[in-house]
file coords_28.pdb (PDB, C-alpha atoms)
ATOM      1  CA  MET A   1      -9.418  36.927  27.892
ATOM      2  CA  LYS A   2     -13.147  37.678  28.029
ATOM      3  CA  TYR A   3     -14.679  40.840  26.575
ATOM      4  CA  TYR A   4     -17.906  42.711  27.232
ATOM      5  CA  VAL A   5     -19.627  45.760  25.725
ATOM      6  CA  GLY A   6     -20.908  48.570  27.926
ATOM      7  CA  ILE A   7     -23.169  51.271  26.482
ATOM      8  CA  ASP A   8     -23.673  54.591  28.267
ATOM      9  CA  LEU A   9     -26.870  56.124  26.882
ATOM     10  CA  GLY A  10     -27.014  59.822  27.643
ATOM     11  CA  GLY A  11     -29.209  62.715  26.655
ATOM     12  CA  THR A  12     -26.354  64.140  24.552
ATOM     13  CA  ASN A  13     -24.150  61.204  23.555
ATOM     14  CA  ILE A  14     -24.292  57.445  23.082
ATOM     15  CA  VAL A  15     -20.945  55.881  24.044
ATOM     16  CA  ALA A  16     -20.133  52.196  23.659
ATOM     17  CA  GLY A  17     -16.970  50.611  25.004
ATOM     18  CA  VAL A  18     -15.358  47.192  24.831
ATOM     19  CA  VAL A  19     -14.129  46.198  28.283
ATOM     20  CA  ASP A  20     -11.871  43.263  29.092
ATOM     21  CA  GLU A  21     -12.121  41.066  32.186
ATOM     22  CA  ASP A  22      -9.529  43.247  33.953
ATOM     23  CA  TYR A  23     -11.870  46.270  33.646
ATOM     24  CA  ASN A  24      -9.821  47.985  30.934
ATOM     25  CA  ILE A  25     -11.680  49.842  28.173
ATOM     26  CA  ILE A  26      -9.825  48.827  25.029
ATOM     27  CA  ALA A  27     -11.920  50.668  22.435
ATOM     28  CA  LYS A  28     -14.850  53.087  22.202
ATOM     29  CA  ALA A  29     -17.341  54.405  19.651
ATOM     30  CA  THR A  30     -19.616  57.399  20.110
ATOM     31  CA  THR A  31     -22.373  59.306  18.361
ATOM     32  CA  LYS A  32     -24.870  62.028  19.246
ATOM     33  CA  THR A  33     -28.170  60.930  20.784
ATOM     34  CA  ASN A  34     -30.038  63.665  18.885
ATOM     35  CA  CYS A  35     -33.156  63.730  21.058
ATOM     36  CA  PRO A  36     -36.015  63.918  20.502
ATOM     37  CA  ARG A  37     -36.439  61.250  17.837
ATOM     38  CA  PRO A  38     -38.038  57.789  17.596
ATOM     39  CA  GLU A  39     -36.803  55.387  20.257
ATOM     40  CA  LYS A  40     -36.135  52.675  17.679
ATOM     41  CA  GLU A  41     -33.727  55.000  15.841
ATOM     42  CA  ILE A  42     -31.824  55.627  19.067
ATOM     43  CA  ALA A  43     -31.718  51.879  19.742
ATOM     44  CA  GLY A  44     -30.401  51.351  16.212
ATOM     45  CA  ASP A  45     -27.558  53.792  16.824
ATOM     46  CA  MET A  46     -26.765  52.095  20.144
ATOM     47  CA  ALA A  47     -26.395  48.771  18.321
ATOM     48  CA  LYS A  48     -24.254  50.443  15.632
ATOM     49  CA  MET A  49     -21.933  51.924  18.269
ATOM     50  CA  ALA A  50     -21.608  48.531  19.967
ATOM     51  CA  LEU A  51     -20.598  46.942  16.671
ATOM     52  CA  GLN A  52     -18.260  49.846  15.859
ATOM     53  CA  ALA A  53     -16.539  49.620  19.244
ATOM     54  CA  VAL A  54     -15.972  45.890  18.744
ATOM     55  CA  GLU A  55     -14.511  46.573  15.307
ATOM     56  CA  ASN A  56     -12.318  49.361  16.758
ATOM     57  CA  ALA A  57     -11.031  46.858  19.317
ATOM     58  CA  GLY A  58      -9.953  44.519  16.522
ATOM     59  CA  LEU A  59     -12.458  41.895  17.667
ATOM     60  CA  THR A  60     -15.533  40.167  16.299
ATOM     61  CA  MET A  61     -18.886  39.781  18.069
ATOM     62  CA  ASP A  62     -18.265  36.086  18.756
ATOM     63  CA  LYS A  63     -15.599  37.242  21.253
ATOM     64  CA  ILE A  64     -18.156  39.317  23.201
ATOM     65  CA  GLU A  65     -19.914  37.694  26.170
ATOM     66  CA  TRP A  66     -22.793  40.168  26.488
ATOM     67  CA  ILE A  67     -23.903  43.787  26.186
ATOM     68  CA  GLY A  68     -24.856  45.976  29.127
ATOM     69  CA  ILE A  69     -26.682  49.310  28.921
ATOM     70  CA  GLY A  70     -26.787  52.160  31.424
ATOM     71  CA  THR A  71     -29.765  54.420  30.716
ATOM     72  CA  PRO A  72     -31.398  57.409  32.373
ATOM     73  CA  GLY A  73     -34.743  56.762  33.992
ATOM     74  CA  ILE A  74     -36.487  53.644  35.252
ATOM     75  CA  ALA A  75     -34.895  50.575  33.697
ATOM     76  CA  ASN A  76     -36.658  47.286  34.453
ATOM     77  CA  SER A  77     -33.762  44.847  34.464
ATOM     78  CA  GLU A  78     -36.140  41.862  34.544
ATOM     79  CA  THR A  79     -38.217  42.724  31.463
ATOM     80  CA  GLY A  80     -35.572  44.699  29.549
ATOM     81  CA  ILE A  81     -37.959  47.646  29.267
ATOM     82  CA  ILE A  82     -37.057  51.277  29.956
ATOM     83  CA  GLU A  83     -40.303  52.176  31.663
ATOM     84  CA  TYR A  84     -39.737  55.922  31.751
ATOM     85  CA  ALA A  85     -36.918  58.294  30.827
ATOM     86  CA  ASN A  86     -38.253  61.844  30.598
ATOM     87  CA  ASN A  87     -35.156  63.418  29.014
ATOM     88  CA  LEU A  88     -35.157  60.834  26.207
ATOM     89  CA  GLY A  89     -38.906  60.737  25.705
ATOM     90  CA  PHE A  90     -38.984  57.005  26.473
ATOM     91  CA  LYS A  91     -42.086  55.346  27.859
ATOM     92  CA  ASN A  92     -42.208  51.533  28.111
ATOM     93  CA  THR A  93     -39.419  51.191  25.538
ATOM     94  CA  PRO A  94     -38.435  47.505  24.958
ATOM     95  CA  MET A  95     -34.733  48.333  24.649
ATOM     96  CA  VAL A  96     -33.352  44.813  25.093
ATOM     97  CA  LYS A  97     -35.697  43.546  22.352
ATOM     98  CA  TYR A  98     -34.592  46.334  19.999
ATOM     99  CA  ILE A  99     -30.870  45.673  20.516
ATOM    100  CA  ARG A 100     -31.277  41.920  20.121
ATOM    101  CA  GLU A 101     -33.006  42.437  16.767
ATOM    102  CA  THR A 102     -29.570  43.564  15.524
ATOM    103  CA  ILE A 103     -27.138  41.730  17.828
ATOM    104  CA  ASP A 104     -27.773  38.179  18.969
ATOM    105  CA  LYS A 105     -26.152  38.436  22.408
ATOM    106  CA  PRO A 106     -27.482  38.600  25.969
ATOM    107  CA  VAL A 107     -28.385  42.216  26.789
ATOM    108  CA  PHE A 108     -28.791  43.721  30.271
ATOM    109  CA  ILE A 109     -30.077  47.161  31.262
ATOM    110  CA  GLU A 110     -29.807  49.256  34.398
ATOM    111  CA  ASN A 111     -30.262  52.868  35.436
ATOM    112  CA  ASP A 112     -27.175  54.866  34.444
ATOM    113  CA  ALA A 113     -26.352  56.081  37.959
ATOM    114  CA  ASN A 114     -26.592  52.503  39.244
ATOM    115  CA  ALA A 115     -24.340  51.328  36.416
ATOM    116  CA  ALA A 116     -21.789  54.033  37.256
ATOM    117  CA  ALA A 117     -21.905  53.066  40.936
ATOM    118  CA  TYR A 118     -21.316  49.442  39.987
ATOM    119  CA  GLY A 119     -18.350  50.533  37.870
ATOM    120  CA  GLU A 120     -16.810  52.309  40.860
ATOM    121  CA  TYR A 121     -17.565  49.228  42.963
ATOM    122  CA  VAL A 122     -15.860  46.717  40.672
ATOM    123  CA  ALA A 123     -12.953  48.858  39.460
ATOM    124  CA  GLY A 124     -12.842  52.282  41.116
ATOM    125  CA  ALA A 125     -13.096  54.168  44.392
ATOM    126  CA  ALA A 126     -15.494  51.683  46.019
ATOM    127  CA  LYS A 127     -13.525  48.564  45.085
ATOM    128  CA  GLY A 128     -13.316  46.138  47.993
ATOM    129  CA  ALA A 129     -16.338  47.573  49.805
ATOM    130  CA  LYS A 130     -19.206  45.346  50.885
ATOM    131  CA  ASN A 131     -21.698  48.207  50.893
ATOM    132  CA  ALA A 132     -21.240  51.449  48.969
ATOM    133  CA  VAL A 133     -23.151  54.566  47.994
ATOM    134  CA  CYS A 134     -22.091  56.650  44.993
ATOM    135  CA  ILE A 135     -23.361  60.191  44.462
ATOM    136  CA  THR A 136     -22.717  62.126  41.248
ATOM    137  CA  LEU A 137     -22.933  65.918  41.344
ATOM    138  CA  GLY A 138     -23.729  66.961  37.797
ATOM    139  CA  THR A 139     -26.654  68.698  36.119
ATOM    140  CA  GLY A 140     -28.654  66.757  38.691
ATOM    141  CA  VAL A 141     -27.662  64.577  41.640
ATOM    142  CA  GLY A 142     -27.426  60.906  40.696
ATOM    143  CA  GLY A 143     -27.311  58.081  43.197
ATOM    144  CA  GLY A 144     -26.261  54.453  43.096
ATOM    145  CA  ILE A 145     -26.359  51.966  45.950
ATOM    146  CA  ILE A 146     -24.491  48.667  46.316
ATOM    147  CA  ILE A 147     -25.605  46.358  49.128
ATOM    148  CA  ASP A 148     -23.734  43.119  49.775
ATOM    149  CA  GLY A 149     -22.089  43.502  46.378
ATOM    150  CA  LYS A 150     -25.376  43.851  44.479
ATOM    151  CA  ILE A 151     -27.026  46.846  42.848
ATOM    152  CA  TYR A 152     -30.016  48.015  44.880
ATOM    153  CA  SER A 153     -32.731  49.327  42.558
ATOM    154  CA  GLY A 154     -35.838  48.831  44.694
ATOM    155  CA  SER A 155     -38.953  46.804  44.016
ATOM    156  CA  ASN A 156     -39.970  49.135  41.158
ATOM    157  CA  PHE A 157     -36.471  49.661  39.676
ATOM    158  CA  ALA A 158     -36.493  53.336  40.695
ATOM    159  CA  GLY A 159     -34.446  53.066  43.888
ATOM    160  CA  ALA A 160     -31.417  55.183  44.814
ATOM    161  CA  GLU A 161     -32.977  58.527  43.818
ATOM    162  CA  ILE A 162     -30.981  60.203  46.572
ATOM    163  CA  GLY A 163     -31.134  63.507  44.703
ATOM    164  CA  HIS A 164     -34.886  63.645  45.243
ATOM    165  CA  THR A 165     -34.855  63.493  49.025
ATOM    166  CA  VAL A 166     -35.830  66.855  50.523
ATOM    167  CA  ILE A 167     -33.283  68.795  52.600
ATOM    168  CA  GLU A 168     -35.169  72.127  52.668
ATOM    169  CA  VAL A 169     -38.937  71.886  53.120
ATOM    170  CA  ASP A 170     -40.721  74.266  50.705
ATOM    171  CA  GLY A 171     -37.312  75.204  49.312
ATOM    172  CA  ALA A 172     -36.143  75.745  45.740
ATOM    173  CA  GLN A 173     -38.204  74.156  42.972
ATOM    174  CA  CYS A 174     -36.774  70.861  41.684
ATOM    175  CA  SER A 175     -37.301  69.553  38.159
ATOM    176  CA  CYS A 176     -38.951  66.433  39.634
ATOM    177  CA  GLY A 177     -41.910  68.503  40.861
ATOM    178  CA  ARG A 178     -40.985  68.636  44.547
ATOM    179  CA  LYS A 179     -39.471  71.589  46.354
ATOM    180  CA  GLY A 180     -36.260  71.598  48.369
ATOM    181  CA  CYS A 181     -34.659  68.455  46.947
ATOM    182  CA  PHE A 182     -31.007  67.608  47.562
ATOM    183  CA  GLU A 183     -30.583  67.946  43.782
ATOM    184  CA  ALA A 184     -31.949  71.506  43.789
ATOM    185  CA  TYR A 185     -29.145  72.582  46.138
ATOM    186  CA  SER A 186     -26.172  70.276  45.589
ATOM    187  CA  SER A 187     -26.112  69.773  41.831
ATOM    188  CA  ALA A 188     -23.963  71.980  39.616
ATOM    189  CA  THR A 189     -27.272  73.519  38.523
ATOM    190  CA  GLY A 190     -28.134  74.342  42.122
ATOM    191  CA  LEU A 191     -24.725  75.894  42.722
ATOM    192  CA  ILE A 192     -25.124  78.047  39.602
ATOM    193  CA  ARG A 193     -28.576  79.175  40.781
ATOM    194  CA  MET A 194     -27.252  80.193  44.207
ATOM    195  CA  THR A 195     -24.347  82.023  42.547
ATOM    196  CA  LYS A 196     -26.730  83.953  40.283
ATOM    197  CA  GLU A 197     -28.885  84.881  43.286
ATOM    198  CA  ALA A 198     -25.821  86.245  45.103
ATOM    199  CA  ILE A 199     -24.734  88.224  42.034
ATOM    200  CA  ALA A 200     -28.225  89.763  41.788
ATOM    201  CA  GLU A 201     -27.931  90.908  45.405
ATOM    202  CA  HIS A 202     -24.324  92.109  45.067
ATOM    203  CA  PRO A 203     -23.860  93.273  41.441
ATOM    204  CA  ASP A 204     -20.416  94.790  42.149
ATOM    205  CA  CYS A 205     -18.880  91.589  43.570
ATOM    206  CA  ILE A 206     -16.017  89.657  42.024
ATOM    207  CA  MET A 207     -18.421  86.887  40.986
ATOM    208  CA  ALA A 208     -20.346  89.366  38.838
ATOM    209  CA  LYS A 209     -17.180  90.614  37.153
ATOM    210  CA  MET A 210     -15.921  87.075  36.554
ATOM    211  CA  ALA A 211     -19.255  85.973  35.087
ATOM    212  CA  GLU A 212     -19.292  89.008  32.788
ATOM    213  CA  GLU A 213     -15.746  88.269  31.566
ATOM    214  CA  LYS A 214     -16.587  84.629  30.808
ATOM    215  CA  GLY A 215     -20.022  85.406  29.413
ATOM    216  CA  LYS A 216     -21.842  83.120  31.854
ATOM    217  CA  VAL A 217     -22.074  81.842  35.409
ATOM    218  CA  THR A 218     -20.617  78.354  35.880
ATOM    219  CA  ALA A 219     -20.277  75.939  38.786
ATOM    220  CA  ARG A 220     -16.727  77.263  39.220
ATOM    221  CA  THR A 221     -17.622  80.958  39.466
ATOM    222  CA  SER A 222     -18.181  81.024  43.229
ATOM    223  CA  PHE A 223     -15.124  78.898  44.060
ATOM    224  CA  ASP A 224     -12.835  80.887  41.741
ATOM    225  CA  SER A 225     -14.158  84.176  43.114
ATOM    226  CA  MET A 226     -13.710  82.986  46.691
ATOM    227  CA  ARG A 227     -10.040  82.361  45.924
ATOM    228  CA  GLU A 228      -9.859  85.975  44.703
ATOM    229  CA  GLY A 229     -11.114  87.179  48.090
ATOM    230  CA  ASP A 230     -14.839  87.658  47.349
ATOM    231  CA  GLU A 231     -16.661  87.450  50.699
ATOM    232  CA  TYR A 232     -20.036  86.943  48.970
ATOM    233  CA  ALA A 233     -18.601  84.066  46.965
ATOM    234  CA  LYS A 234     -17.422  82.483  50.215
ATOM    235  CA  GLU A 235     -20.983  82.742  51.523
ATOM    236  CA  VAL A 236     -22.250  80.881  48.436
ATOM    237  CA  VAL A 237     -19.574  78.193  48.775
ATOM    238  CA  ASP A 238     -20.251  77.769  52.498
ATOM    239  CA  LYS A 239     -23.988  77.456  51.854
ATOM    240  CA  TYR A 240     -23.399  74.931  49.059
ATOM    241  CA  ILE A 241     -21.100  72.822  51.242
ATOM    242  CA  LYS A 242     -23.609  72.916  54.102
ATOM    243  CA  TYR A 243     -26.367  71.529  51.849
ATOM    244  CA  LEU A 244     -24.035  68.947  50.322
ATOM    245  CA  ALA A 245     -23.008  67.758  53.783
ATOM    246  CA  ALA A 246     -26.667  67.472  54.812
ATOM    247  CA  GLY A 247     -27.508  65.244  51.847
ATOM    248  CA  ILE A 248     -24.426  63.079  52.333
ATOM    249  CA  THR A 249     -25.145  62.732  56.048
ATOM    250  CA  ASN A 250     -28.688  61.597  55.221
ATOM    251  CA  ALA A 251     -27.338  58.948  52.852
ATOM    252  CA  ILE A 252     -24.829  57.710  55.431
ATOM    253  CA  ASN A 253     -27.431  57.607  58.206
ATOM    254  CA  THR A 254     -29.770  55.599  55.948
ATOM    255  CA  PHE A 255     -27.336  53.061  54.506
ATOM    256  CA  GLN A 256     -24.175  53.156  56.665
ATOM    257  CA  PRO A 257     -21.950  52.070  53.747
ATOM    258  CA  ASP A 258     -18.269  51.197  54.056
ATOM    259  CA  ILE A 259     -17.554  53.800  51.382
ATOM    260  CA  LEU A 260     -19.457  56.761  50.013
ATOM    261  CA  CYS A 261     -17.914  58.107  46.835
ATOM    262  CA  ILE A 262     -18.797  61.388  45.212
ATOM    263  CA  GLY A 263     -18.124  62.309  41.612
ATOM    264  CA  GLY A 264     -18.844  65.046  39.121
ATOM    265  CA  GLY A 265     -17.053  68.188  38.027
ATOM    266  CA  VAL A 266     -17.636  70.035  41.311
ATOM    267  CA  CYS A 267     -15.360  67.509  43.039
ATOM    268  CA  ASN A 268     -12.426  68.936  41.066
ATOM    269  CA  GLU A 269     -12.401  71.798  43.590
ATOM    270  CA  GLY A 270     -10.566  69.426  45.935
ATOM    271  CA  ASP A 271      -9.798  70.392  49.539
ATOM    272  CA  PRO A 272     -11.749  73.700  49.613
ATOM    273  CA  LEU A 273     -14.851  71.569  49.027
ATOM    274  CA  LEU A 274     -13.943  68.284  50.681
ATOM    275  CA  LEU A 275     -12.330  69.304  53.965
ATOM    276  CA  PRO A 276     -15.170  71.492  55.319
ATOM    277  CA  MET A 277     -17.795  69.076  53.960
ATOM    278  CA  LYS A 278     -16.163  66.094  55.677
ATOM    279  CA  ALA A 279     -15.849  68.086  58.921
ATOM    280  CA  ILE A 280     -19.597  68.817  58.939
ATOM    281  CA  VAL A 281     -20.504  65.206  58.130
ATOM    282  CA  LYS A 282     -18.208  63.940  60.891
ATOM    283  CA  GLU A 283     -20.059  66.102  63.415
ATOM    284  CA  GLU A 284     -23.538  65.284  62.151
ATOM    285  CA  VAL A 285     -23.620  61.553  61.354
ATOM    286  CA  TYR A 286     -25.578  59.472  63.834
ATOM    287  CA  THR A 287     -22.575  57.163  64.282
ATOM    288  CA  ARG A 288     -20.160  60.004  65.182
ATOM    289  CA  ASN A 289     -19.147  58.177  68.385
ATOM    290  CA  SER A 290     -18.508  54.851  66.653
ATOM    291  CA  GLU A 291     -15.009  53.491  66.094
ATOM    292  CA  LYS A 292     -15.695  52.833  62.402
ATOM    293  CA  ASN A 293     -17.449  55.278  60.140
ATOM    294  CA  THR A 294     -18.146  55.604  56.436
ATOM    295  CA  GLU A 295     -15.132  56.655  54.389
ATOM    296  CA  ILE A 296     -15.910  59.496  51.974
ATOM    297  CA  VAL A 297     -13.817  59.334  48.800
ATOM    298  CA  ILE A 298     -13.716  60.882  45.336
ATOM    299  CA  ALA A 299     -14.878  58.712  42.433
ATOM    300  CA  GLN A 300     -11.963  57.501  40.295
ATOM    301  CA  LEU A 301     -13.388  56.450  36.933
ATOM    302  CA  GLY A 302     -15.021  59.667  35.712
ATOM    303  CA  ASN A 303     -17.150  59.199  32.581
ATOM    304  CA  ASP A 304     -15.801  55.651  32.179
ATOM    305  CA  ALA A 305     -17.663  54.454  35.292
ATOM    306  CA  GLY A 306     -20.932  54.041  33.407
ATOM    307  CA  ILE A 307     -19.314  52.088  30.575
ATOM    308  CA  ILE A 308     -17.417  49.740  32.897
ATOM    309  CA  GLY A 309     -20.410  49.245  35.170
ATOM    310  CA  ALA A 310     -22.714  48.549  32.231
ATOM    311  CA  ALA A 311     -20.222  46.095  30.752
ATOM    312  CA  PHE A 312     -20.286  44.023  33.937
ATOM    313  CA  LEU A 313     -24.069  44.023  34.444
ATOM    314  CA  GLY A 314     -24.096  40.405  33.312
ATOM    315  CA  LYS A 315     -22.179  39.504  36.463
ATOM    316  CA  ALA A 316     -24.299  41.805  38.633
ATOM    317  CA  LYS A 317     -27.452  40.066  37.407
TER     318      LYS A 317
END
call {"tool": "encode", "arguments": {"input": "coords_28.pdb", "output": "structure tokens"}}
result
Amino acid sequence: MKYYVGIDLGGTNIVAGVVDEDYNIIAKATTKTNCPRPEKEIAGDMAKMALQAVENAGLTMDKIEWIGIGTPGIANSETGIIEYANNLGFKNTPMVKYIRETIDKPVFIENDANAAAYGEYVAGAAKGAKNAVCITLGTGVGGGIIIDGKIYSGSNFAGAEIGHTVIEVDGAQCSCGRKGCFEAYSSATGLIRMTKEAIAEHPDCIMAKMAEEKGKVTARTSFDSMREGDEYAKEVVDKYIKYLAAGITNAINTFQPDILCIGGGVCNEGDPLLLPMKAIVKEEVYTRNSEKNTEIVIAQLGNDAGIIGAAFLGKAK
């Protein structure tokens, strides 16, 4: 049996996992990222978590083939440098060099959304596809693209930023600097913003009461309120689904993948989200008259996708 280490570097947590050749995570180790702090300290903790995960698995490093890292931002997989990761404060960080100063193993890096997409491709919802697109609806909208079984990251290693394609010209401000991005409307953050706007317009609605009871507006507020019969909540949900369908249709029209998988907490809403969204996409895709169309599925691996995908970057590269 062969073993690999995958590290998921996030703004909140660093998680390392030992993964066997059958894509099973057999042990993990985690610690807080504690940003902002010196990049070398973060790299040191990443190496520590890798070693701890191996120890937790009852293995030694000589049993590990390589280490893979999924990181936010622009990860140059050729040089091993994280060229830019705004949430971590990284700029031209030689991450592979730092890790290898502690662990003498091959180390590979990739953008975290690409690593997660590769995880779904090798072991999850996109397994068996030739071409796949994975979209994660979280605080932002992450994208990962697999073409002919390989991660597509573009000539500058910043490809697959599907969340930063515009679906509403001069629309809501996005954190990237543009206005009207897919991310500004279809992320959990975007859904919360639209919910808050509706509550401000209709302060006596069920959404307002629910938010007051829970002490905050969440990505579930509009869906939960809709189920309680709130007509204004239904308007928010319908608007959210319309924007989500637009972004997904754009991705399908651009890449025409066998499978497009979506993940993130919003997907837990199930049929009330998926059925109307799929109906809109079916009507709007350019290939609506074709016999074969992209299959839209829910991601299967959850937070483990990034660890599994990172662990198998050695094969992807």
call {"tool": "resolve_selection", "arguments": {"input": "coords_28.pdb", "expression": "the PyMOL selection byres ((chain A and resi 274) around 12)", "output": "ChimeraX atom specification"}}
result
/A:237-238,240-242,244-245,248,261-263,266-273,275-282,296-298
call {"tool": "closest_atom_pairs", "arguments": {"input": "coords_28.pdb", "of": "range 126-206 of chain A", "to": "range 57-79 of chain A", "cutoff": "10 Å", "atoms": "only C-alpha atoms", "output": "CSV"}}
result
residue,atom,partner,partner_atom,distance
A:Gly142,CA,A:Pro72,CA,9.9
A:Ser153,CA,A:Ala75,CA,9.2
A:Ser155,CA,A:Asn76,CA,9.8
A:Asn156,CA,A:Asn76,CA,7.7
A:Phe157,CA,A:Asn76,CA,5.7
A:Ala158,CA,A:Ile74,CA,5.5
A:Gly159,CA,A:Ile74,CA,8.9
call {"tool": "residues_around", "arguments": {"input": "coords_28.pdb", "residues": "Ala129 in chain A", "least_positions_apart": "3", "cutoff": "10 Å", "atoms": "all atoms listed in the file", "output": "list of chain:residue names"}}
result
A:Tyr121, A:Val122, A:Ala125, A:Ala126, A:Ala132, A:Val133, A:Ile146, A:Ile147, A:Asp148, A:Gly149, A:Pro257, A:Asp258, A:Ile259, A:Leu260
call {"tool": "resolve_selection", "arguments": {"input": "coords_28.pdb", "expression": "the PyMOL selection byres ((chain A and resi 80) around 10)", "output": "list in words"}}
result
Ala75, Asn76, Ser77, Glu78, Thr79, Ile81, Ile82, Glu83, Asn92, Thr93, Pro94, Met95, Val96, Lys97, Tyr98, Val107, Phe108, Ile109 and Glu110 of chain A
call {"tool": "residues_around", "arguments": {"input": "coords_28.pdb", "residues": "Ala310 in chain A", "least_positions_apart": "3", "cutoff": "12 Å", "atoms": "only C-alpha atoms", "output": "VMD selection string"}}
result
chain A and resid 4 to 9 15 to 19 23 25 66 to 71 77 107 to 122 151 304 to 307 313 to 317
call {"tool": "write_last_selection", "arguments": {"input": "coords_28.pdb", "atoms": "C-alpha atoms", "output": "mmCIF file, keeping the file's coordinate frame"}}
result
data_model
loop_
_atom_site.group_PDB
_atom_site.id
_atom_site.type_symbol
_atom_site.label_atom_id
_atom_site.label_comp_id
_atom_site.auth_asym_id
_atom_site.auth_seq_id
_atom_site.Cartn_x
_atom_site.Cartn_y
_atom_site.Cartn_z
ATOM 1 C CA TYR A 4 -17.906 42.711 27.232
ATOM 2 C CA VAL A 5 -19.627 45.760 25.725
ATOM 3 C CA GLY A 6 -20.908 48.570 27.926
ATOM 4 C CA ILE A 7 -23.169 51.271 26.482
ATOM 5 C CA ASP A 8 -23.673 54.591 28.267
ATOM 6 C CA LEU A 9 -26.870 56.124 26.882
ATOM 7 C CA VAL A 15 -20.945 55.881 24.044
ATOM 8 C CA ALA A 16 -20.133 52.196 23.659
ATOM 9 C CA GLY A 17 -16.970 50.611 25.004
ATOM 10 C CA VAL A 18 -15.358 47.192 24.831
ATOM 11 C CA VAL A 19 -14.129 46.198 28.283
ATOM 12 C CA TYR A 23 -11.870 46.270 33.646
ATOM 13 C CA ILE A 25 -11.680 49.842 28.173
ATOM 14 C CA TRP A 66 -22.793 40.168 26.488
ATOM 15 C CA ILE A 67 -23.903 43.787 26.186
ATOM 16 C CA GLY A 68 -24.856 45.976 29.127
ATOM 17 C CA ILE A 69 -26.682 49.310 28.921
ATOM 18 C CA GLY A 70 -26.787 52.160 31.424
ATOM 19 C CA THR A 71 -29.765 54.420 30.716
ATOM 20 C CA SER A 77 -33.762 44.847 34.464
ATOM 21 C CA VAL A 107 -28.385 42.216 26.789
ATOM 22 C CA PHE A 108 -28.791 43.721 30.271
ATOM 23 C CA ILE A 109 -30.077 47.161 31.262
ATOM 24 C CA GLU A 110 -29.807 49.256 34.398
ATOM 25 C CA ASN A 111 -30.262 52.868 35.436
ATOM 26 C CA ASP A 112 -27.175 54.866 34.444
ATOM 27 C CA ALA A 113 -26.352 56.081 37.959
ATOM 28 C CA ASN A 114 -26.592 52.503 39.244
ATOM 29 C CA ALA A 115 -24.340 51.328 36.416
ATOM 30 C CA ALA A 116 -21.789 54.033 37.256
ATOM 31 C CA ALA A 117 -21.905 53.066 40.936
ATOM 32 C CA TYR A 118 -21.316 49.442 39.987
ATOM 33 C CA GLY A 119 -18.350 50.533 37.870
ATOM 34 C CA GLU A 120 -16.810 52.309 40.860
ATOM 35 C CA TYR A 121 -17.565 49.228 42.963
ATOM 36 C CA VAL A 122 -15.860 46.717 40.672
ATOM 37 C CA ILE A 151 -27.026 46.846 42.848
ATOM 38 C CA ASP A 304 -15.801 55.651 32.179
ATOM 39 C CA ALA A 305 -17.663 54.454 35.292
ATOM 40 C CA GLY A 306 -20.932 54.041 33.407
ATOM 41 C CA ILE A 307 -19.314 52.088 30.575
ATOM 42 C CA LEU A 313 -24.069 44.023 34.444
ATOM 43 C CA GLY A 314 -24.096 40.405 33.312
ATOM 44 C CA LYS A 315 -22.179 39.504 36.463
ATOM 45 C CA ALA A 316 -24.299 41.805 38.633
ATOM 46 C CA LYS A 317 -27.452 40.066 37.407
#
call {"tool": "resolve_selection", "arguments": {"input": "coords_28.pdb", "expression": "the PyMOL selection byres ((chain A and resi 161) around 9)", "output": "PDB file with C-alpha atoms, keeping the file's coordinate frame"}}
result
ATOM      1  CA  VAL A 141     -27.662  64.577  41.640  1.00  0.00           C
ATOM      2  CA  GLY A 142     -27.426  60.906  40.696  1.00  0.00           C
ATOM      3  CA  GLY A 143     -27.311  58.081  43.197  1.00  0.00           C
ATOM      4  CA  GLY A 144     -26.261  54.453  43.096  1.00  0.00           C
ATOM      5  CA  ALA A 158     -36.493  53.336  40.695  1.00  0.00           C
ATOM      6  CA  GLY A 159     -34.446  53.066  43.888  1.00  0.00           C
ATOM      7  CA  ALA A 160     -31.417  55.183  44.814  1.00  0.00           C
ATOM      8  CA  ILE A 162     -30.981  60.203  46.572  1.00  0.00           C
ATOM      9  CA  GLY A 163     -31.134  63.507  44.703  1.00  0.00           C
ATOM     10  CA  HIS A 164     -34.886  63.645  45.243  1.00  0.00           C
ATOM     11  CA  THR A 165     -34.855  63.493  49.025  1.00  0.00           C
TER      12      THR A 165
END
call {"tool": "residues_around", "arguments": {"input": "coords_28.pdb", "residues": "Asp224 in chain A", "least_positions_apart": "4", "cutoff": "10 Å", "atoms": "all atoms listed in the file", "output": "CSV table (one decimal) with C-alpha atoms, in the coordinates of the input"}}
result
chain,number,residue,atom,x,y,z
A,206,ILE,CA,-16.0,89.7,42.0
A,207,MET,CA,-18.4,86.9,41.0
A,210,MET,CA,-15.9,87.1,36.6
A,219,ALA,CA,-20.3,75.9,38.8
A,220,ARG,CA,-16.7,77.3,39.2
A,228,GLU,CA,-9.9,86.0,44.7
A,229,GLY,CA,-11.1,87.2,48.1
A,230,ASP,CA,-14.8,87.7,47.3
A,233,ALA,CA,-18.6,84.1,47.0
A,234,LYS,CA,-17.4,82.5,50.2
A,269,GLU,CA,-12.4,71.8,43.6
call {"tool": "closest_residue", "arguments": {"input": "coords_28.pdb", "among": "A:Glu213, A:Val166, A:Phe255, A:Asn13", "to": "Arg178 in chain A", "atoms": "only C-alpha atoms"}}
result
A:Val166
call {"tool": "closest_residue", "arguments": {"input": "coords_28.pdb", "among": "A:Met49, A:Lys130, A:Met226, A:Thr249", "to": "Ile167 in chain A", "atoms": "all atoms listed in the file"}}
result
A:Thr249
call {"tool": "atom_distance", "arguments": {"input": "coords_28.pdb", "atom1": "CA of Asn86 in chain A", "atom2": "CA of Gly11 in chain A"}}
result
9.9 Å
call {"tool": "closest_residue", "arguments": {"input": "coords_28.pdb", "among": "A:Glu231, A:Glu39, A:Glu284, A:Glu168", "to": "Tyr243 in chain A", "atoms": "only C-alpha atoms"}}
result
A:Glu168
